[in-house]
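Pasted below: entry.txt, compact mmCIF, C-alpha atoms.
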# COMPACT_ATOMS: atom_id res chain seq x y z
CA MET A 1 178.41 33.20 12.14
CA ALA A 2 176.12 36.17 12.05
CA ILE A 3 172.64 36.25 13.60
CA LYS A 4 169.95 38.15 11.86
CA THR A 5 167.27 39.94 13.87
CA ASN A 6 163.90 41.36 12.90
CA PRO A 7 163.43 44.85 14.29
CA ALA A 8 159.67 44.70 14.08
CA SER A 9 159.38 41.47 16.04
CA ASP A 10 161.68 42.81 18.72
CA ALA A 11 159.58 45.92 19.23
CA THR A 12 156.47 43.84 19.48
CA ARG A 13 158.01 41.63 22.16
CA LEU A 14 159.19 44.64 24.12
CA ALA A 15 155.76 46.26 24.02
CA SER A 16 154.04 43.08 25.13
CA GLY A 17 156.56 42.63 27.91
CA ALA A 18 155.96 46.25 29.10
CA THR A 19 152.19 46.09 29.04
CA ALA A 20 152.11 43.14 31.38
CA PRO A 21 153.35 45.10 34.44
CA LEU A 22 151.05 48.02 33.64
CA LYS A 23 148.03 45.77 33.75
CA VAL A 24 149.07 44.52 37.17
CA VAL A 25 149.49 48.10 38.47
CA LEU A 26 146.10 49.12 37.12
CA LEU A 27 144.42 46.13 38.71
CA LEU A 28 146.04 46.95 42.06
CA ALA A 29 144.98 50.60 41.78
CA CYS A 30 141.41 49.62 41.06
CA ALA A 31 141.41 47.30 44.07
CA VAL A 32 142.68 50.09 46.30
CA LEU A 33 140.06 52.50 44.98
CA LEU A 34 137.31 49.99 45.59
CA ALA A 35 138.53 49.49 49.16
CA HIS A 36 138.53 53.25 49.81
CA LEU A 37 135.09 53.62 48.32
CA ALA A 38 133.84 50.92 50.67
CA LEU A 39 135.29 52.76 53.67
CA LEU A 40 133.97 56.14 52.53
CA SER A 41 130.49 54.76 52.09
CA GLN A 42 130.45 53.97 55.84
CA ASN A 43 131.76 57.46 56.98
CA THR A 44 130.08 60.28 55.06
CA ALA A 45 131.45 63.13 57.29
CA PRO A 46 134.89 64.01 58.64
CA LEU A 47 135.78 62.55 62.00
CA GLY A 48 135.92 65.87 63.81
CA LEU A 49 132.54 67.11 62.52
CA ARG A 50 130.36 64.09 63.03
CA GLN A 51 126.77 65.06 63.94
CA PRO A 52 124.55 61.99 63.80
CA PRO A 53 121.00 62.81 62.73
CA ALA A 54 119.67 61.06 65.80
CA ARG A 55 121.15 63.75 68.10
CA GLU A 56 119.53 66.57 66.10
CA VAL A 57 116.12 64.97 66.39
CA PHE A 58 116.65 64.38 70.11
CA SER A 59 117.67 68.01 70.76
CA THR A 60 114.58 69.39 69.03
CA ARG A 61 112.36 67.15 71.09
CA LEU A 62 113.81 68.60 74.29
CA ILE A 63 112.59 72.12 73.29
CA VAL A 64 109.07 71.08 72.41
CA PRO A 65 107.88 70.12 75.95
CA ALA A 66 109.18 73.42 77.36
CA ALA A 67 106.51 75.46 75.54
CA PRO A 68 103.37 73.92 77.14
CA THR A 69 104.91 74.01 80.64
CA MET A 70 105.19 77.83 80.67
CA PRO A 71 101.44 78.63 80.64
CA THR A 72 100.81 76.09 83.39
CA ALA A 73 103.53 77.66 85.55
CA ARG A 74 101.95 81.11 85.14
CA ALA A 75 98.44 79.85 85.74
CA THR A 76 99.16 78.19 89.08
CA PRO A 77 100.23 81.32 91.11
CA GLN A 78 97.27 83.37 89.87
CA THR A 79 94.56 81.62 91.88
CA PRO A 80 95.94 81.48 95.50
CA PRO A 81 96.49 85.24 96.22
CA ALA A 82 93.00 86.56 95.54
CA PRO A 83 90.08 84.09 95.29
CA ALA A 84 87.77 86.84 94.01
CA ARG A 85 90.11 87.55 91.06
CA ALA A 86 90.71 83.88 90.25
CA ALA A 87 87.66 83.73 87.99
CA PRO A 88 88.59 86.58 85.63
CA ARG A 89 92.19 85.43 85.34
CA ALA A 90 91.06 81.86 84.58
CA THR A 91 88.79 83.13 81.84
CA ALA A 92 91.67 85.16 80.42
CA VAL A 93 93.76 81.98 80.18
CA THR A 94 90.95 79.98 78.59
CA GLU A 95 90.08 82.75 76.15
CA ALA A 96 93.69 83.11 74.97
CA PRO A 97 95.21 80.16 73.08
CA ALA A 98 98.39 78.49 74.22
CA THR A 99 100.55 80.24 71.66
CA GLN A 100 102.02 83.65 72.43
CA LYS A 101 101.36 84.96 68.91
CA GLN A 102 97.60 84.92 69.46
CA GLU A 103 98.03 86.70 72.80
CA THR A 104 99.91 89.50 71.02
CA ALA A 105 97.21 89.70 68.36
CA SER A 106 94.48 89.96 71.02
CA ALA A 107 96.36 92.83 72.69
CA THR A 108 96.39 94.85 69.46
CA ASP A 109 93.01 93.83 67.96
CA THR A 110 90.51 93.89 70.85
CA PRO A 111 87.18 92.31 69.84
CA THR A 112 85.30 93.51 72.90
CA PRO A 113 85.95 96.28 75.46
CA THR A 114 85.74 93.87 78.41
CA ALA A 115 88.37 91.42 77.12
CA THR A 116 91.06 94.08 76.78
CA PRO A 117 91.64 95.06 80.46
CA THR A 118 91.41 91.45 81.74
CA SER A 119 93.97 90.14 79.25
CA THR A 120 96.26 93.09 79.96
CA VAL A 121 96.28 92.45 83.70
CA ALA A 122 96.79 88.72 83.19
CA GLU A 123 99.77 89.26 80.89
CA THR A 124 101.54 92.17 82.57
CA ALA A 125 101.26 91.11 86.22
CA PRO A 126 100.28 87.42 86.53
CA ASN A 127 102.20 87.03 89.82
CA GLU A 128 101.42 90.46 91.38
CA PRO A 129 97.83 90.64 92.69
CA ALA A 130 98.67 93.65 94.88
CA LEU A 131 99.72 95.68 91.85
CA ALA A 132 96.50 94.71 90.04
CA GLN A 133 94.48 95.89 93.02
CA THR A 134 96.32 99.21 93.02
CA LEU A 135 95.63 99.73 89.33
CA ALA A 136 91.96 98.95 90.05
CA GLN A 137 91.88 101.78 92.64
CA ASN A 138 91.95 99.40 95.69
CA LYS A 139 88.79 97.48 94.74
CA PRO A 140 89.69 93.76 95.11
CA GLN A 141 86.09 92.61 94.65
CA GLU A 142 85.67 94.22 91.23
CA ALA A 143 84.06 92.11 88.50
CA PRO A 144 85.44 91.96 84.96
CA GLN A 145 82.57 94.15 83.77
CA GLU A 146 83.48 96.78 86.33
CA ALA A 147 87.04 96.78 84.99
CA ALA A 148 85.67 97.91 81.65
CA SER A 149 84.11 100.92 83.32
CA ALA A 150 87.34 101.77 85.21
CA PRO A 151 88.52 104.28 82.58
CA ALA A 152 85.41 106.38 83.23
CA PRO A 153 86.57 107.89 86.59
CA ALA A 154 90.14 108.29 85.26
CA PRO A 155 89.62 111.94 84.20
CA ALA A 156 88.75 112.83 87.80
CA VAL A 157 92.07 111.41 88.99
CA ALA A 158 94.06 112.99 86.17
CA ALA A 159 92.44 116.39 86.69
CA PRO A 160 94.69 118.88 88.53
CA ALA A 161 94.17 119.06 92.26
CA PRO A 162 92.45 122.21 93.57
CA ASP A 163 94.79 124.94 94.66
CA PRO A 164 95.07 124.81 98.46
CA LEU A 165 96.13 128.45 98.70
CA PRO A 166 92.60 129.92 98.63
CA GLN A 167 91.67 127.63 101.50
CA ALA A 168 94.72 128.78 103.47
CA ASN A 169 93.78 132.42 102.87
CA ALA A 170 90.03 131.89 103.27
CA TRP A 171 89.99 133.56 106.68
CA VAL A 172 89.79 137.34 106.81
CA PRO A 173 92.77 138.51 108.88
CA THR A 174 92.73 141.34 111.37
CA TYR A 175 95.69 143.69 111.15
CA ASN A 176 97.42 145.26 114.12
CA VAL A 177 100.12 147.61 112.81
CA PRO A 178 102.97 148.15 115.30
CA ALA A 179 103.98 151.55 116.58
CA SER A 180 107.01 153.42 115.32
CA VAL A 181 110.24 151.75 116.40
CA ARG A 182 113.88 151.36 115.43
CA LEU A 183 115.38 147.87 115.53
CA LYS A 184 119.11 147.21 115.40
CA TYR A 185 120.61 143.90 114.29
CA LEU A 186 123.90 142.08 114.35
CA VAL A 187 124.55 140.63 110.91
CA GLN A 188 126.54 137.46 110.35
CA ALA A 189 127.59 136.15 106.93
CA ASN A 190 129.72 133.36 105.58
CA LYS A 191 131.59 135.68 103.18
CA PHE A 192 133.47 137.50 105.94
CA PRO A 193 134.46 136.46 109.47
CA PHE A 194 133.43 139.73 111.12
CA SER A 195 130.01 141.08 112.07
CA VAL A 196 128.12 143.90 110.41
CA ASN A 197 125.44 146.20 111.76
CA ALA A 198 121.95 146.65 110.34
CA GLU A 199 118.99 148.85 111.25
CA LEU A 200 115.27 148.75 110.51
CA ALA A 201 113.52 152.08 111.01
CA TRP A 202 109.70 151.77 111.06
CA GLN A 203 107.60 154.94 111.21
CA THR A 204 103.84 155.29 110.93
CA ASP A 205 101.11 157.84 111.74
CA ALA A 206 98.26 155.32 111.42
CA GLN A 207 97.59 156.49 107.83
CA THR A 208 100.97 156.23 106.10
CA TYR A 209 104.19 154.40 106.80
CA ASP A 210 107.86 154.60 105.98
CA ALA A 211 110.17 151.59 106.41
CA ARG A 212 113.92 151.62 105.83
CA LEU A 213 116.35 148.71 106.21
CA THR A 214 120.05 149.57 106.05
CA ILE A 215 123.05 147.22 106.16
CA SER A 216 126.36 149.08 106.39
CA ALA A 217 130.04 148.18 106.67
CA PHE A 218 133.29 150.17 106.11
CA GLY A 219 131.52 153.22 104.81
CA GLN A 220 129.36 151.36 102.30
CA ALA A 221 125.67 150.62 102.76
CA ARG A 222 122.76 148.91 101.05
CA THR A 223 119.35 150.37 101.76
CA GLN A 224 115.87 149.12 100.98
CA THR A 225 112.98 151.54 101.39
CA SER A 226 109.23 151.02 101.33
CA ARG A 227 106.63 153.80 101.52
CA GLY A 228 102.87 153.50 101.39
CA GLN A 229 99.54 153.73 103.14
CA ILE A 230 97.84 152.01 106.06
CA THR A 231 94.47 150.58 104.98
CA ALA A 232 91.89 148.11 106.27
CA GLN A 233 93.96 145.38 104.55
CA GLY A 234 97.15 146.42 106.28
CA LEU A 235 100.07 147.89 104.36
CA ALA A 236 99.56 149.17 100.80
CA PRO A 237 102.98 150.04 99.31
CA LEU A 238 103.34 152.85 96.80
CA ARG A 239 107.10 152.79 96.16
CA PHE A 240 109.91 150.34 96.82
CA SER A 241 113.57 151.05 96.18
CA ASP A 242 116.82 149.12 96.49
CA LYS A 243 120.00 151.20 96.57
CA TYR A 244 123.60 150.06 96.44
CA ARG A 245 125.79 152.57 94.57
CA SER A 246 122.82 153.12 92.25
CA GLU A 247 119.09 152.93 92.93
CA VAL A 248 116.38 150.86 91.24
CA ALA A 249 112.74 151.26 92.20
CA ALA A 250 109.26 149.84 91.67
CA HIS A 251 106.10 151.96 91.68
CA PHE A 252 102.66 150.66 92.66
CA ASN A 253 100.00 152.28 90.49
CA ARG A 254 96.76 151.42 92.23
CA GLU A 255 94.60 153.17 89.63
CA THR A 256 95.85 151.08 86.68
CA GLY A 257 96.52 148.00 88.81
CA LYS A 258 100.12 147.70 87.63
CA ALA A 259 103.62 147.89 89.01
CA THR A 260 106.19 149.74 86.92
CA PHE A 261 109.96 149.57 87.25
CA SER A 262 112.70 152.13 86.78
CA ALA A 263 114.91 149.43 85.25
CA ASN A 264 112.64 149.44 82.17
CA THR A 265 111.52 145.87 82.76
CA PRO A 266 107.96 144.87 81.77
CA ASP A 267 105.04 146.01 83.92
CA VAL A 268 103.37 143.56 86.27
CA LEU A 269 99.69 143.28 87.14
CA LEU A 270 99.11 143.79 90.85
CA SER A 271 97.19 141.25 92.89
CA PRO A 272 95.09 142.15 95.95
CA GLY A 273 97.32 142.53 98.99
CA ALA A 274 100.53 142.84 96.96
CA GLN A 275 103.63 143.77 98.97
CA ASP A 276 107.27 144.55 98.31
CA ARG A 277 110.31 142.73 99.67
CA LEU A 278 110.50 144.94 102.75
CA SER A 279 106.87 145.66 103.53
CA ILE A 280 106.03 141.95 103.49
CA LEU A 281 108.03 141.46 106.72
CA LEU A 282 105.96 144.10 108.51
CA GLN A 283 102.70 142.98 106.89
CA LEU A 284 103.19 139.46 108.22
CA GLY A 285 103.81 140.88 111.69
CA ALA A 286 100.63 142.98 111.52
CA MET A 287 98.62 139.91 110.48
CA ALA A 288 100.12 137.71 113.22
CA ALA A 289 99.52 140.40 115.85
CA GLY A 290 95.87 140.80 114.77
CA SER A 291 95.07 137.08 114.22
CA PRO A 292 97.60 134.99 116.14
CA ALA A 293 95.29 131.96 116.30
CA GLN A 294 95.36 131.65 112.52
CA PHE A 295 99.13 131.25 112.36
CA THR A 296 99.19 127.56 113.20
CA GLU A 297 102.00 125.30 112.12
CA GLY A 298 101.66 124.26 108.49
CA THR A 299 99.58 127.26 107.42
CA THR A 300 100.72 128.61 104.04
CA LEU A 301 100.26 132.20 102.91
CA ALA A 302 100.51 133.31 99.28
CA VAL A 303 101.55 136.93 98.86
CA GLN A 304 102.55 138.67 95.62
CA THR A 305 105.93 140.24 96.34
CA VAL A 306 107.35 142.99 94.13
CA GLY A 307 111.08 143.49 93.83
CA PRO A 308 113.06 146.26 92.17
CA ARG A 309 112.82 144.65 88.72
CA ASP A 310 110.04 142.04 88.80
CA ALA A 311 107.39 140.37 90.94
CA ASP A 312 106.75 136.86 92.18
CA THR A 313 104.33 135.03 94.47
CA TRP A 314 105.92 134.12 97.76
CA LEU A 315 104.61 131.03 99.53
CA LEU A 316 105.34 131.36 103.23
CA THR A 317 104.68 128.41 105.50
CA VAL A 318 104.32 128.75 109.27
CA GLN A 319 106.92 126.57 111.01
CA GLY A 320 105.73 127.22 114.56
CA GLU A 321 107.21 128.98 117.58
CA GLU A 322 110.88 128.63 118.46
CA PRO A 323 112.92 129.85 121.43
CA LEU A 324 115.77 132.08 120.29
CA VAL A 325 118.91 133.26 122.03
CA LEU A 326 119.75 136.55 120.31
CA PRO A 327 122.38 139.22 120.99
CA GLY A 328 119.64 141.38 122.52
CA GLY A 329 118.33 138.59 124.78
CA ALA A 330 116.11 135.51 124.75
CA GLN A 331 112.95 135.77 122.66
CA THR A 332 110.19 133.53 121.31
CA GLY A 333 109.96 133.75 117.56
CA LEU A 334 107.16 132.68 115.23
CA LYS A 335 109.02 131.26 112.24
CA LEU A 336 107.86 131.49 108.63
CA LEU A 337 109.74 129.92 105.74
CA ARG A 338 109.81 130.78 102.08
CA LYS A 339 111.25 127.86 100.10
CA PRO A 340 112.81 128.40 96.66
CA ARG A 341 110.44 127.39 93.87
CA LYS A 342 112.67 127.98 90.85
CA GLU A 343 116.29 128.59 89.92
CA PHE A 344 118.07 131.44 91.71
CA ASP A 345 115.24 131.84 94.25
CA GLN A 346 116.31 132.89 97.72
CA ARG A 347 115.46 130.90 100.81
CA VAL A 348 113.96 133.38 103.28
CA GLU A 349 113.46 132.61 106.98
CA VAL A 350 111.85 135.20 109.24
CA TRP A 351 111.15 135.03 112.96
CA LEU A 352 108.46 137.39 114.34
CA GLY A 353 108.91 138.36 117.98
CA LYS A 354 105.91 137.18 119.98
CA ASP A 355 106.66 139.63 122.80
CA MET A 356 107.74 142.45 120.46
CA ALA A 357 104.49 143.16 118.58
CA TYR A 358 105.52 140.45 116.06
CA LEU A 359 108.23 142.62 114.56
CA PRO A 360 111.01 140.74 112.72
CA ILE A 361 113.59 139.82 115.35
CA ARG A 362 115.59 137.54 113.04
CA LEU A 363 115.93 137.37 109.27
CA LYS A 364 118.06 134.88 107.37
CA ILE A 365 118.43 135.03 103.58
CA THR A 366 120.26 132.18 101.81
CA GLU A 367 121.32 132.27 98.17
CA THR A 368 121.34 129.27 95.85
CA ASN A 369 125.15 128.97 96.13
CA GLY A 370 124.96 128.76 99.94
CA ASP A 371 125.90 132.36 100.78
CA TYR A 372 123.74 133.80 103.55
CA LEU A 373 123.04 136.86 105.66
CA ASP A 374 121.70 136.34 109.16
CA LEU A 375 120.23 139.40 110.93
CA LYS A 376 119.72 138.91 114.67
CA TRP A 377 117.98 141.42 116.92
CA LEU A 378 120.40 143.43 119.05
CA SER A 379 118.37 146.28 120.53
CA SER A 380 115.30 148.43 119.92
CA GLU A 381 114.23 151.97 120.65
CA LYS A 382 111.05 153.94 120.14
CA ILE A 383 110.76 156.65 117.53
CA PRO A 384 108.67 159.70 118.49

This entry written out as structure tokens:
Amino acid sequence: MAIKTNPASDATRLASGATAPLKVVLLLACAVLLAHLALLSQNTAPLGLRQPPAREVFSTRLIVPAAPTMPTARATPQTPPAPARAAPRATAVTEAPATQKQETASATDTPTPTATPTSTVAETAPNEPALAQTLAQNKPQEAPQEAASAPAPAPAVAAPAPDPLPQANAWVPTYNVPASVRLKYLVQANKFPFSVNAELAWQTDAQTYDARLTISAFGQARTQTSRGQITAQGLAPLRFSDKYRSEVAAHFNRETGKATFSANTPDVLLSPGAQDRLSILLQLGAMAAGSPAQFTEGTTLAVQTVGPRDADTWLLTVQGEEPLVLPGGAQTGLKLLRKPRKEFDQRVEVWLGKDMAYLPIRLKITETNGDYLDLKWLSSEKIP
């Protein structure tokens, strides 16, 4: 027996049978989604990045009280150190608002001249009353109105101090030129371990002079020569020369008031009492012999000193008397020091013999690199 089937009815039954499970799956999926949405509505941020809004509000509240406590902490140490200055600093705090922006605006836009210095002192040094007193020129009892007038004497302080050299040379020295003599020295230097001989020949006839300093070793010599006149102001050089292999010289032209140089360097205007690098040693001795009471410790002499190529002002300071043990015997020397004032200046130390007519009994010249020559008196003899 054959069974007949309807293809259309079969397809319908299969479709209805398949849609039934799909409906169940969709209902379950919707339920799961609703459950997740319920959970997500409770947690709006990831677990590792949770920042509850209550903590943010609490942290900002902790910063707010810190601002008003700062002015009170600055105001308390201002009053105990100086009672007289407590009033102006208190007014500066009351005049300025609590915010720092208005304090900055008052520093740039000053409404009145009196408010500017008081606010500046209160802001820059609230805990340093000693520094405020120093800026006020050591006047702790100054009123705020006096602080406004403080800039008035400022030009007097900023003005250059008067030159002390005219005061040091205010006295009129008396010159006592020594008689003709020849001094011999033992020279020590750091460049070589052996000693060298030197000689200073001084000749004068009470109107003119001739000085010659020679340092010689192994057939070579360096000689400095100074020639000039003897005047009421002591030595007046006319020519100075420095010779080592070749000679360079400086000429004193008293008529034009200039010094000219054989090295073709620019001329130099001569100052009163100008000396050269050799005559200055004998000029100092003539001054000390004529006015020994004026050569007290700390006295500074300013003398224009002409070299073979240029001129400079030497500042020589009296160091006082020193006992010396020299190759020629024990002597008492009056020491004068010329300190370097610029680059490549020599440090010159000279000792004038108190018992030898204040002639130079020791001379030490130190270069900027530390090299030195030390001439120490060995013997002396008269020159007819």

Report as an NGL selection string all protein, DNA and RNA residues lying within 12 Å of A:Gly228, evaluated on all atoms listed in the file, omitting residues in the same chain fewer than 5 positions from it.
:A and (202-211 or 234-240 or 251-254 or 274-276 or 278-279 or 283)

May I ask which of the residues A:Met356, A:Ala311, A:Leu378, A:Ala259 is the closest one to A:Val196, counting only C-alpha atoms?
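For A:Val196, the nearest of the candidates is A:Leu378.
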
Tell me, in Å to one decimal, how far atom CA of A:Asp345 is from atom CA of A:Trp171.
28.2 Å

Which distance in Å separates atom CA of A:Leu200 and atom CA of A:Gly353, to one decimal?
14.3 Å
